[in-house]
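One structure below.
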Amino acid sequence: MPDSQPQPPHSSSSPPGQSDPAALLLCGARLTDGRTVDVRLGNGRIEAVGTAGSLSSGTRACGARVDLTGYLLLPAPAEPHAHGDTALSADTDGPVSYDPQDVQRRATEAALLQLGHGATALRTHVRVGDVQGLGALSAVLRARRSLRGLTELTAVAVPRLLTGVAGADGLAMLRDALKMGASVVGGCPDLDPDPTGYVEAVLELASEHGCPVDLHTDADDPARLSRLAAMAGGLRPGVTLGPCGGLGRLPSDAAARTADQLAAAGVSVVCLPQGGCGGVERRGTAPVRLLRAAGVRVAAGSGALRDVSNPVGRGDPLEAAYLLASRYGLGAEAAYDAVSSAARTVLGLPGIRVEAGFPADLLAVRGDRLSGALSLAYSRIVVHRGRVVARTSAVREYCNSAAAVELGLPRQGRGEVS
């Protein structure tokens, strides 16, 4: 069941004959269809796309330009599954600090690292209740405010228990979290003594508040997933599960039946090809090809970013796409779709094309083809709402040698040891 094609939103522009002071011209970018184009941005949207050199003059010419010769221009990726409250904590001595200042610093730095990779939108799961109370969530929401204009950050409130006597406190905490500004109801039903009751409580609260749902589950119990799909069917604005690594350990016929049920219920799956996260005990990646064949929307996230669940996690959506292509058999286009279009849909964001009228959230990567960009995505330029918000430049040089000269490879400067 392919996603519906995104429609270009209404775009506004400056009055005729006037130049938008915030306008930006991206010159000489290559698109995935092989065209080389200029792209004019203004008012946070793509205003025009023309052949290279065609937008460089006239009444709408831009003063600010970025030369993208040698770059591939793509819709920006999004991060559908992060853990900002625990990110960058792997190297700390002792337990992870939940001091609000520490959490805010980690969440901010993690979001900026992922923005540098290209993710202009981010959904982060935040634990509420227990030792953290609402302090970690409050810190993440402060980080969100400080990042406005750079990246879009949304918070998922994740309580530990929601059933029984202990669950009453978790449910009250979850309600308070939504009042504070968490915009997604989350949780880990696998860790509750009554997983079905946990899911019922989450879905009821989400329906009451009109919030999306994003649950951690290993998805290794077909009967439990069947009940979840039956309960979640028709809930708007939607239900997401992740990382669902247990689906890959089920017998193929059971996994296929479960995939069909999830597709029929409109449930999305976020896989984590770079590693696990603290929300589930076991690792493994969901069977992405089986799920896509059944019509399930599959997005890919990064999961843990250098916390105890993955001390070397990079939080790089292009690495997630690379792994989907190299390890799990997706084509480059489908792999990139999982971290861009599908990820944005999971986050409730409009789709992006490099066409007039679409949001100006873009990623320029050094290279001329998508497969090469996923393989060697070192240099990147990130555009959010029509302005450059991050740059990463990588320079590789080789020592003086006959091979380097023959191939025209860049050589080290004269003062370098060769």
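Residue numbering restarts at 1 for every chain of the structure tokens, chains are lettered A, B, ... in their displayed order, and ligands are numbered from 1 as they appear.
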
Taking only residues of region 314-415 of chain A that have an atom at most 12 Å from an atom of region 140-160 of chain A, what is each one's shortest atom pair and its distance in Å to one decimal, using only C-alpha atoms, in chain and number order, as JSON lines?
{"residue": "A:Arg344", "atom": "CA", "partner": "A:Glu152", "partner_atom": "CA", "distance": 11.1}
{"residue": "A:Leu347", "atom": "CA", "partner": "A:Thr154", "partner_atom": "CA", "distance": 8.7}
{"residue": "A:Gly348", "atom": "CA", "partner": "A:Thr154", "partner_atom": "CA", "distance": 10.7}
{"residue": "A:Leu349", "atom": "CA", "partner": "A:Glu152", "partner_atom": "CA", "distance": 10.1}
{"residue": "A:Asp361", "atom": "CA", "partner": "A:Thr151", "partner_atom": "CA", "distance": 9.9}
{"residue": "A:Val382", "atom": "CA", "partner": "A:Leu150", "partner_atom": "CA", "distance": 9.9}
{"residue": "A:Val383", "atom": "CA", "partner": "A:Leu150", "partner_atom": "CA", "distance": 9.1}
{"residue": "A:His384", "atom": "CA", "partner": "A:Leu150", "partner_atom": "CA", "distance": 6.7}
{"residue": "A:Arg385", "atom": "CA", "partner": "A:Gly149", "partner_atom": "CA", "distance": 7.7}
{"residue": "A:Gly386", "atom": "CA", "partner": "A:Gly149", "partner_atom": "CA", "distance": 10.3}
{"residue": "A:Arg387", "atom": "CA", "partner": "A:Leu150", "partner_atom": "CA", "distance": 9.2}
{"residue": "A:Val388", "atom": "CA", "partner": "A:Leu150", "partner_atom": "CA", "distance": 9.2}
{"residue": "A:Val389", "atom": "CA", "partner": "A:Leu150", "partner_atom": "CA", "distance": 6.1}
{"residue": "A:Ala390", "atom": "CA", "partner": "A:Leu150", "partner_atom": "CA", "distance": 8.7}

Run DSSP on the backbone and grab whatever in region 52-287 of chain A lands in strand (DSSP E or B); send it over as JSON, numbers by chain. {"A": [64, 65, 66, 67, 71, 72, 73, 74, 75, 79, 80, 81, 82, 121, 122, 123, 124, 125, 126, 127, 128, 129, 133, 152, 153, 154, 155, 156, 157, 158, 159, 184, 185, 186, 187, 213, 214, 215, 216, 217, 239, 240, 241, 242, 243, 268, 269, 270, 271]}

Atom pair CA of Ala168 (chain A) / CA of Val131 (chain A): separation (Å):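 Distance reported for this atom pair: 16.0 Å.
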
Using only C-alpha atoms for the distances, tell me which of A:Ala166, A:Cys244, A:Val202, A:Ala304 is nearest to Asp85 (chain A).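 The shortest atom-to-atom distance to Asp85 (chain A) comes from A:Ala304.
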
Find the spatial neighbours of Val269 (chain A), counting only C-alpha atoms, within a cut-off of 8 Å - ignore same-chain residues fewer than 4 positions away - and output them as a list in words.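 Listed by chain and then number, they are Thr240, Leu241, Gly242, Pro243, Cys244, Val296, Arg297, Val298 and Ala299 of chain A.
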